[in-house]
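One file, start_34.txt, is given below (compact mmCIF, C-alpha atoms).
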# COMPACT_ATOMS: atom_id res chain seq x y z
CA LEU D 1 0.00 0.00 0.00
CA GLU D 2 2.85 2.34 0.75
CA ASN D 3 4.10 1.84 -2.79
CA THR D 4 0.62 2.57 -4.06
CA LEU D 5 0.51 5.81 -2.11
CA ALA D 6 3.98 6.72 -3.31
CA GLY D 7 2.46 6.68 -6.80
CA SER D 8 0.40 9.71 -5.85
CA HIS D 9 3.49 11.85 -6.42
CA GLN D 10 3.38 11.12 -10.11
CA GLY D 11 1.00 14.05 -10.46
CA PRO D 12 -2.42 14.53 -12.00
CA ASN D 13 -3.23 12.36 -14.97
CA GLU D 14 -5.63 13.99 -17.43
CA GLU D 15 -5.70 10.88 -19.61
CA ILE D 16 -7.85 9.05 -17.11
CA TYR D 17 -10.74 11.36 -17.90
CA GLY D 18 -13.23 9.91 -20.38
CA ASP D 19 -15.20 11.77 -23.03
CA GLU D 20 -18.28 12.07 -20.82
CA VAL D 21 -16.30 13.72 -18.06
CA ASN D 22 -14.69 16.11 -20.52
CA HIS D 23 -18.17 17.00 -21.84
CA VAL D 24 -19.32 17.84 -18.32
CA ARG D 25 -16.21 19.92 -17.64
CA ALA D 26 -16.79 21.83 -20.89
CA CYS D 27 -20.38 22.50 -19.83
CA LEU D 28 -19.26 23.76 -16.43
CA GLU D 29 -16.93 26.20 -18.17
CA THR D 30 -19.90 27.75 -20.00
CA LEU D 31 -21.29 29.05 -16.68
CA ASP D 32 -20.43 32.70 -16.06
CA SER D 33 -18.33 33.65 -13.04
CA GLY D 34 -21.32 34.86 -11.01
CA GLN D 35 -23.26 31.64 -11.59
CA ARG D 36 -20.23 29.51 -10.83
CA ALA D 37 -19.43 31.39 -7.62
CA ALA D 38 -23.01 31.14 -6.36
CA VAL D 39 -23.26 27.42 -7.12
CA ASP D 40 -19.84 26.74 -5.58
CA LEU D 41 -20.72 28.58 -2.37
CA ALA D 42 -23.96 26.58 -2.12
CA PHE D 43 -22.61 23.17 -3.15
CA TYR D 44 -19.19 23.20 -1.49
CA GLY D 45 -19.82 25.75 1.25
CA GLY D 46 -23.34 24.70 2.20
CA LEU D 47 -24.36 28.38 2.30
CA THR D 48 -28.06 29.22 1.94
CA HIS D 49 -29.40 31.70 -0.61
CA THR D 50 -29.46 34.39 2.06
CA GLU D 51 -25.95 33.63 3.29
CA ILE D 52 -24.60 33.74 -0.28
CA ALA D 53 -26.33 37.09 -0.85
CA THR D 54 -24.73 38.45 2.34
CA HIS D 55 -21.34 36.96 1.48
CA THR D 56 -21.25 38.35 -2.06
CA GLY D 57 -23.18 41.57 -1.49
CA SER D 58 -25.62 40.67 -4.29
CA PRO D 59 -29.43 40.88 -4.00
CA LEU D 60 -31.16 37.70 -2.84
CA GLY D 61 -33.21 37.46 -6.06
CA THR D 62 -30.05 37.65 -8.14
CA ILE D 63 -28.47 34.79 -6.22
CA LYS D 64 -31.55 32.60 -6.61
CA ALA D 65 -31.65 33.29 -10.33
CA ARG D 66 -27.94 32.59 -10.79
CA ILE D 67 -28.21 29.22 -9.09
CA ARG D 68 -31.38 28.26 -10.97
CA ARG D 69 -30.01 29.28 -14.35
CA ALA D 70 -26.66 27.62 -13.66
CA LEU D 71 -28.20 24.24 -12.85
CA LEU D 72 -30.67 24.38 -15.74
CA GLN D 73 -27.91 25.43 -18.12
CA LEU D 74 -25.63 22.64 -16.90
CA LYS D 75 -28.41 20.06 -17.27
CA SER D 76 -29.31 21.24 -20.77
CA CYS D 77 -25.69 21.44 -21.95
CA VAL D 78 -24.82 17.96 -20.69
CA GLU D 79 -27.93 16.45 -22.30
CA ASN D 80 -27.07 18.06 -25.63
CA LYS D 81 -23.44 16.94 -25.57
CA LEU D 82 -24.19 13.38 -24.54
CA ASN D 83 -26.90 13.05 -27.22
CA LEU D 84 -24.57 14.15 -30.01
CA MET N 1 -45.31 24.48 -15.54
CA ILE N 2 -43.21 25.05 -12.44
CA ASP N 3 -42.91 28.72 -11.59
CA GLU N 4 -39.52 30.28 -10.88
CA PRO N 5 -39.88 30.65 -7.09
CA LEU N 6 -40.67 26.93 -6.90
CA GLN N 7 -37.73 26.18 -9.20
CA ASP N 8 -35.52 28.19 -6.84
CA SER N 9 -36.69 26.07 -3.90
CA ALA N 10 -36.12 22.92 -5.93
CA CYS N 11 -32.55 24.01 -6.73
CA ALA N 12 -31.88 24.81 -3.09
CA TYR N 13 -33.33 21.42 -2.09
CA ALA N 14 -31.16 19.64 -4.67
CA LEU N 15 -28.08 21.43 -3.34
CA GLY N 16 -29.03 20.57 0.23
CA ILE N 17 -29.12 24.18 1.44
CA LEU N 18 -32.71 24.33 2.73
CA ASP N 19 -32.89 24.27 6.51
CA ALA N 20 -34.72 21.38 8.18
CA SER N 21 -38.12 23.08 8.41
CA GLU N 22 -37.96 24.43 4.84
CA ALA N 23 -36.96 20.98 3.59
CA ARG N 24 -39.91 19.33 5.38
CA ILE N 25 -42.37 21.79 3.85
CA PHE N 26 -40.84 21.32 0.41
CA GLU N 27 -40.94 17.53 0.69
CA LYS N 28 -44.68 17.64 1.46
CA GLN N 29 -45.17 19.67 -1.69
CA LEU N 30 -42.91 17.25 -3.57
CA ALA N 31 -45.03 14.26 -2.56
CA LEU N 32 -48.12 15.88 -4.06
CA ASP N 33 -46.62 17.13 -7.31
CA PRO N 34 -45.12 14.52 -9.72
CA ALA N 35 -43.94 17.21 -12.14
CA LEU N 36 -42.04 18.94 -9.35
CA ALA N 37 -40.56 15.61 -8.26
CA ALA N 38 -39.34 14.95 -11.81
CA PHE N 39 -37.83 18.44 -11.98
CA VAL N 40 -36.01 17.92 -8.67
CA ARG N 41 -34.58 14.62 -9.91
CA GLU N 42 -33.21 16.32 -13.01
CA ILE N 43 -31.68 19.15 -10.98
CA GLN N 44 -30.16 16.65 -8.54
CA GLU N 45 -28.58 14.84 -11.49
CA ALA N 46 -27.08 18.14 -12.66
CA ALA N 47 -25.85 18.99 -9.15
CA ARG N 48 -24.13 15.62 -8.88
CA LEU N 49 -21.98 16.60 -11.87
CA LEU N 50 -20.50 19.66 -10.14
CA PRO N 51 -17.50 17.85 -8.60
CA LEU N 52 -16.36 16.88 -12.10
CA GLY N 53 -15.35 20.52 -12.50
CA LEU N 54 -12.76 20.23 -9.77
CA PRO N 55 -9.23 20.69 -11.06
CA LEU N 56 -6.85 17.81 -10.58
CA GLN N 57 -4.53 18.67 -7.74
CA GLN N 58 -1.02 17.60 -6.90
CA PRO N 59 -1.38 16.31 -3.34
CA PRO N 60 0.98 18.08 -0.92
CA ALA N 61 3.90 16.02 0.39
CA ALA N 62 2.49 16.29 3.92
CA LEU N 63 -0.59 14.33 2.85
CA LYS N 64 1.40 11.15 2.35
CA ALA N 65 2.85 11.41 5.87
CA ARG N 66 -0.63 12.03 7.23
CA ILE N 67 -2.05 8.98 5.45
CA LEU N 68 0.83 6.76 6.54
CA ALA N 69 0.42 7.94 10.13
CA THR N 70 -3.24 6.95 9.93
CA LEU N 71 -2.29 3.55 8.53
CA GLU N 72 0.12 2.97 11.40
CA LYS N 73 -2.69 3.66 13.87
CA ARG N 74 -4.92 1.18 12.04
CA LYS N 75 -2.20 -1.49 12.16
CA ALA N 76 -1.92 -1.01 15.90
CA VAL N 77 -5.65 -1.66 16.33
CA PRO N 78 -6.57 -4.18 13.59
CA SER N 79 -10.11 -4.66 14.85
CA THR N 80 -10.97 -1.01 14.34
CA SER N 81 -14.36 -0.60 12.70
CA PRO N 82 -14.54 0.99 9.24
CA ALA N 83 -13.78 4.66 8.99
CA PRO N 84 -16.58 6.90 10.30
CA VAL N 85 -18.66 8.91 7.89
CA ALA N 86 -16.26 11.43 6.44
CA PHE N 87 -16.14 14.58 8.46
CA ARG N 88 -15.87 16.80 5.47
CA ARG N 89 -18.57 14.92 3.61
CA ARG N 90 -21.38 16.52 5.52
CA LEU N 91 -19.41 19.75 5.71
CA TRP N 92 -19.02 20.44 2.05
CA GLY N 93 -21.38 17.91 0.50
CA ILE N 94 -18.69 16.77 -1.86
CA ALA N 95 -16.73 13.88 -0.49
CA ALA N 96 -19.59 11.49 -1.15
CA ALA N 97 -19.83 12.72 -4.67
CA LEU N 98 -16.11 12.36 -5.21
CA ALA N 99 -16.07 8.91 -3.70
CA ALA N 100 -18.85 7.92 -6.07
CA MET N 101 -17.07 9.26 -9.10
CA GLY N 102 -15.67 6.07 -10.52
CA SER N 103 -14.55 8.06 -13.52
CA ILE N 104 -12.12 10.07 -11.43
CA GLY N 105 -9.19 7.87 -12.08
CA PHE N 106 -7.13 9.59 -9.46
CA PHE N 107 -8.91 7.46 -6.88
CA ALA N 108 -9.82 4.66 -9.23
CA LEU N 109 -6.15 4.17 -10.05
CA LYS N 110 -5.30 3.75 -6.40
CA TRP N 111 -8.31 1.61 -5.74
CA SER N 112 -7.46 -0.71 -8.61
CA ARG N 113 -3.92 -1.11 -7.30
CA ALA N 114 -5.22 -1.83 -3.83
CA SER N 115 -7.75 -4.27 -5.28
CA ALA N 116 -4.93 -6.06 -7.08
CA GLU N 117 -3.10 -6.39 -3.77
CA LEU N 118 -6.21 -7.72 -2.11
CA ASN N 119 -6.75 -10.22 -4.91
CA GLN N 120 -3.15 -11.40 -4.57
CA THR N 121 -3.69 -11.88 -0.84
CA LYS N 122 -6.85 -13.87 -1.53
CA GLN N 123 -4.87 -16.02 -4.00
CA ASP N 124 -2.23 -16.61 -1.33
CA LEU N 125 -4.95 -17.78 1.00
CA ALA N 126 -6.33 -20.16 -1.64
CA ASN N 127 -2.84 -21.54 -2.26
CA ALA N 128 -2.30 -22.08 1.44
CA LYS N 129 -5.55 -24.02 1.66
CA ALA N 130 -4.59 -26.23 -1.32
CA ALA N 131 -1.19 -26.96 0.20
CA HIS N 132 -2.81 -27.96 3.43
CA GLN N 133 -5.21 -30.41 1.75
CA GLU N 134 -2.33 -32.06 -0.08
CA SER N 135 -0.24 -32.55 3.02
CA ALA N 136 -3.26 -33.87 4.95
CA ARG N 137 -3.61 -36.67 2.40
CA THR N 138 0.04 -37.68 2.59
CA ALA N 139 0.68 -37.27 6.31
CA ALA N 140 -2.36 -37.78 8.47
CA SER N 141 -0.36 -37.59 11.66
CA ALA N 142 0.76 -34.06 10.79
CA ALA N 143 -2.72 -32.89 9.83
CA GLU N 144 -3.71 -31.61 13.23
CA SER N 145 -0.71 -29.34 13.66
CA GLN N 146 -0.95 -28.16 10.08
CA SER N 147 -4.62 -27.39 10.54
CA LYS N 148 -3.76 -25.15 13.44
CA ALA N 149 -1.05 -23.44 11.41
CA LEU N 150 -3.50 -22.94 8.57
CA ALA N 151 -6.08 -21.45 10.91
CA ASP N 152 -3.47 -19.04 12.22
CA THR N 153 -2.44 -18.11 8.69
CA GLN N 154 -6.04 -17.61 7.69
CA THR N 155 -6.67 -15.41 10.71
CA GLN N 156 -3.61 -13.32 9.91
CA LEU N 157 -4.59 -12.99 6.27
CA ASN N 158 -8.13 -11.99 7.20
CA GLN N 159 -6.73 -9.37 9.55
CA SER N 160 -4.44 -8.10 6.80
CA LEU N 161 -7.35 -7.91 4.39
CA GLU N 162 -9.45 -5.99 6.89
CA THR N 163 -6.60 -3.64 7.70
CA ALA N 164 -5.89 -3.01 4.03
CA ARG N 165 -9.56 -2.34 3.29
CA ASN N 166 -9.87 0.10 6.18
CA ALA N 167 -6.64 1.80 5.24
CA GLN N 168 -7.72 2.19 1.65
CA MET N 169 -11.05 3.69 2.69
CA GLU N 170 -9.23 6.13 4.95
CA ALA N 171 -6.76 7.03 2.21
CA ALA N 172 -9.56 7.70 -0.26
CA ARG N 173 -11.38 9.80 2.33
CA LEU N 174 -8.29 11.88 3.10
CA LEU N 175 -7.51 12.42 -0.58
CA ALA N 176 -11.09 13.54 -1.23
CA GLU N 177 -10.98 15.79 1.82
CA ASN N 178 -7.73 17.36 0.68
CA ALA N 179 -9.04 18.03 -2.82
CA THR N 180 -12.07 19.71 -1.28
CA LEU N 181 -10.00 21.90 0.98
CA LEU N 182 -7.73 22.97 -1.87
CA ARG N 183 -10.74 23.76 -4.03
CA GLU N 184 -12.43 25.75 -1.30
CA ASN N 185 -9.25 27.74 -0.77
CA GLN N 186 -9.13 28.71 -4.42
CA LEU N 187 -12.81 29.57 -4.54
CA SER N 188 -13.05 32.11 -1.82
CA ASN N 189 -9.54 33.07 -0.77
CA ALA N 190 -10.55 31.58 2.52
CA ARG N 191 -8.00 30.46 5.06
CA VAL N 192 -8.62 26.97 6.37
CA THR N 193 -7.58 26.33 9.97
CA LEU N 194 -7.78 22.90 11.50
CA MET N 195 -8.46 23.28 15.21
CA ALA N 196 -7.14 20.93 17.86
CA ALA N 197 -9.20 19.90 20.90
CA LEU N 198 -7.48 20.54 24.23
CA ALA N 199 -7.88 18.01 27.03
CA LYS N 200 -7.84 20.50 29.91
CA LYS N 201 -10.67 21.67 32.14
CA ALA N 202 -13.23 22.06 29.37
CA LEU N 203 -12.77 18.64 27.78
CA THR N 204 -11.67 15.25 29.07
CA GLN N 205 -9.05 13.28 27.17
CA ALA N 206 -11.75 10.96 25.80
CA GLN N 207 -13.96 13.88 24.70
CA ALA N 208 -11.06 15.72 23.07
CA ALA N 209 -10.07 12.62 21.11
CA LYS N 210 -13.44 12.58 19.31
CA VAL N 211 -13.67 16.28 18.44
CA LYS N 212 -13.09 17.49 14.89
CA ALA N 213 -13.11 21.19 14.12
CA VAL N 214 -12.20 23.46 11.23
CA SER N 215 -12.63 27.17 10.60
CA LEU N 216 -12.73 28.90 7.25
CA TRP N 217 -11.87 32.62 7.31
CA ASP N 218 -12.29 35.12 4.49
CA GLY N 219 -10.35 38.23 5.49
CA ARG N 220 -11.76 40.33 2.66
CA ALA N 221 -15.35 39.61 3.61
CA GLN N 222 -14.53 39.61 7.33
CA THR N 223 -16.66 36.49 7.71
CA GLY N 224 -15.95 32.88 8.48
CA VAL N 225 -17.49 29.52 9.00
CA LEU N 226 -16.73 27.27 11.97
CA VAL N 227 -17.66 23.60 11.73
CA VAL N 228 -17.29 21.23 14.68
CA GLU N 229 -18.24 17.63 15.34
CA ASN N 230 -18.51 15.61 18.54
CA LEU N 231 -18.18 18.55 20.92
CA PRO N 232 -19.83 17.78 24.30
CA ILE N 233 -23.25 19.32 24.95
CA LEU N 234 -22.97 22.01 27.65
CA ALA N 235 -25.24 22.68 30.62
CA ALA N 236 -27.95 25.30 30.01
CA ASP N 237 -25.98 27.97 31.83
CA LYS N 238 -22.90 27.57 29.60
CA SER N 239 -22.07 28.53 26.00
CA TYR N 240 -19.22 27.88 23.66
CA GLN N 241 -17.59 31.15 22.52
CA LEU N 242 -15.41 31.58 19.44
CA TRP N 243 -12.43 33.99 19.52
CA VAL N 244 -10.17 35.39 16.82
CA ILE N 245 -6.60 36.20 17.87
CA ASP N 246 -5.13 39.10 15.88
CA PRO N 247 -1.57 40.09 16.92
CA THR N 248 -2.37 43.71 16.05
CA ILE N 249 -5.19 43.79 18.62
CA ALA N 250 -4.37 43.59 22.31
CA ALA N 251 -7.11 41.16 23.32
CA PRO N 252 -8.84 38.23 21.59
CA VAL N 253 -11.88 39.37 19.59
CA SER N 254 -15.18 37.59 20.19
CA ALA N 255 -16.71 36.04 17.08
CA GLY N 256 -19.91 34.77 18.66
CA ILE N 257 -21.35 32.14 20.94
CA PHE N 258 -22.79 28.80 19.90
CA SER N 259 -24.18 25.52 21.14
CA VAL N 260 -24.10 22.06 19.52
CA ASP N 261 -26.87 19.69 18.49
CA ALA N 262 -27.61 16.29 20.04
CA LYS N 263 -24.68 14.79 18.14
CA GLY N 264 -22.31 17.52 19.28
CA ASN N 265 -22.21 19.12 15.82
CA THR N 266 -22.70 22.69 14.63
CA ARG N 267 -21.90 25.03 11.76
CA LEU N 268 -21.49 28.68 12.72
CA VAL N 269 -21.24 31.51 10.19
CA PHE N 270 -19.45 34.19 12.18
CA GLN N 271 -18.36 37.82 12.02
CA PRO N 272 -15.97 39.13 14.69
CA THR N 273 -17.12 42.10 16.75
CA GLN N 274 -14.35 44.30 15.32
CA PRO N 275 -12.32 44.34 12.04
CA ILE N 276 -9.60 41.70 11.88
CA ALA N 277 -6.35 42.52 10.03
CA ASN N 278 -4.54 39.25 10.66
CA ALA N 279 -6.54 36.25 11.87
CA GLN N 280 -3.54 34.46 13.30
CA SER N 281 -5.43 31.94 15.46
CA PHE N 282 -8.90 30.80 16.39
CA ALA N 283 -9.97 29.51 19.79
CA VAL N 284 -13.14 28.21 21.43
CA THR N 285 -13.73 28.54 25.17
CA VAL N 286 -16.51 27.46 27.51
CA GLU N 287 -18.12 30.55 29.06
CA PRO N 288 -21.26 31.43 31.01
CA ALA N 289 -24.38 31.47 28.81
CA GLY N 290 -24.33 34.56 26.59
CA GLY N 291 -20.53 34.76 26.54
CA LEU N 292 -18.02 37.15 28.06
CA PRO N 293 -16.08 40.18 26.68
CA ALA N 294 -12.78 38.36 27.29
CA PRO N 295 -12.02 34.63 27.19
CA THR N 296 -11.59 32.44 30.26
CA LEU N 297 -8.28 30.94 29.19
CA ASP N 298 -8.31 27.86 31.39
CA GLN N 299 -11.66 26.90 29.83
CA MET N 300 -10.22 26.66 26.32
CA ALA N 301 -11.64 23.72 24.38
CA LEU N 302 -10.32 24.24 20.84
CA LEU N 303 -7.32 26.08 19.40
CA GLY N 304 -5.97 26.38 15.88
CA SER N 305 -3.41 28.59 14.17
CA GLY N 306 -3.79 29.83 10.62
CA GLN N 307 -1.91 28.04 7.86
Could you rewrite the structure in this file as structure tokens?
Amino acid sequence: LENTLAGSHQGPNEEIYGDEVNHVRACLETLDSGQRAAVDLAFYGGLTHTEIATHTGSPLGTIKARIRRALLQLKSCVENKLNL
Amino acid sequence: MIDEPLQDSACAYALGILDASEARIFEKQLALDPALAAFVREIQEAARLLPLGLPLQQPPAALKARILATLEKRKAVPSTSPAPVAFRRRLWGIAAALAAMGSIGFFALKWSRASAELNQTKQDLANAKAAHQESARTAASAAESQSKALADTQTQLNQSLETARNAQMEAARLLAENATLLRENQLSNARVTLMAALAKKALTQAQAAKVKAVSLWDGRAQTGVLVVENLPILAADKSYQLWVIDPTIAAPVSAGIFSVDAKGNTRLVFQPTQPIANAQSFAVTVEPAGGLPAPTLDQMALLGSGQ
């Protein structure tokens, strides 16, 4: 196991990513910075709409819209790419 | 047609950021509305893809030492039960997603290597059994002693298998946790501080050993998040109080009081009572209910210095 762990110093390996994963990453990159920040604060930070609005200084309605549009856009983009 | 306010609630539900009462109300609505339920499922599918946007990270050298130290502990206590639910999993809602991402070869690569080792160990066990059966046929008088030796070997191999499985689970958890911390750092310029539990007056040795705590501090926004697990529940006349130590300010600055739930867990979004230029350390003390203007130092429960 130690030898296995030692392998972790070989660095990131992009080749292990399949086409589907690359499609998803491309879709995530289509989100604008405001959408991405709002979704990241919610998903990774567990912050509520109100907390994100306070944290970023943006209106509550704007935050809700950014998150909604980001998730719908991601869903739509991934469906389109995977159906190509 | 689902109107936008309801879509907003569905998105928040899918991301797990509704509070308990909001979630209960939404779930009642969900049970009565098949179209809403279908929409939520679709949004949840989209949300589950978010971790795929994480950049691949070069693990820091210290991570290997941390993992190996954990493995040594596991070797010392081979009967240890499987790793507890990942601390950061509930915290950031990501570790589970990462663990489930079979396509992330970073973990899959390590898992496949570990699986190969486990398979080899299983093969060794099968070979040992075959050898025993052969010798039993040719030397009946030696069978009894060989049987005992085989049983011992089997026990040892089973212990090794269990230890290896537990160690691999722990390694995967730590790698996922590290990736999450690195990502969070990049996202918000936040400073992550792991806090150590102090076995003094406030906590016994056994209580301190279970506590996990981390603070996330964003100096630009002057806000932070403190997350703790397994902190003892205090009497009604006591409160936990969070302090920020800034070397440019003479006294520790209070950042709020808090209590913990039945499991000893809490998540506190805090803002210190005065501007902080350099959040060098964070500390948690046990104080009378409502807190005090200055900390009672011998009642310190948690302490962590910025990294």
**Prompt:** Mind pulling up the distance from CA of Leu71 in chain D to CA of Ser21 in chain N?
**Reply:** 23.5 Å
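Note that CA of Ala42 in chain D and CA of Ile257 in chain N are 23.9 Å apart.
Considering the residues N:Gln299, N:Gln29, N:Gln205, N:Asn230 and counting all atoms listed in the file, Asp261 in chain N has its shortest atom-to-atom contact with N:Asn230.
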**Message:** Report, in Å to a single decimal, how far apart CA of Ile67 in chain D and CA of Ala10 in chain N are.
**Reply:** 10.6 Å
**Distance query Ser33 in chain D at most 12 Å, only C-alpha atoms, self and fewer than 4 positions along chain excluded, as a list in words** =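 Listing them by chain and then by number gives Leu28, Glu29, Ala37, Ala38, Val39, Asp40, Arg66, Ile67 and Ala70 of chain D; Leu187 of chain N.
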**Asked** Which residues come within 12 Å of Asn80 in chain D, counting all atoms listed in the file, excluding same-chain residues fewer than 5 positions away, as a PyMOL selection string?
**Response** chain D and resi 20+23-24+26-27+73-75
**Prompt:** If you count all atoms listed in the file, which residues fall within 10 Å of range 24-27 of chain N, apart from same-chain ones fewer than 2 positions away, as number ranges by chain?
**Reply:** N: 6, 9-10, 13, 18-22, 29-33, 37
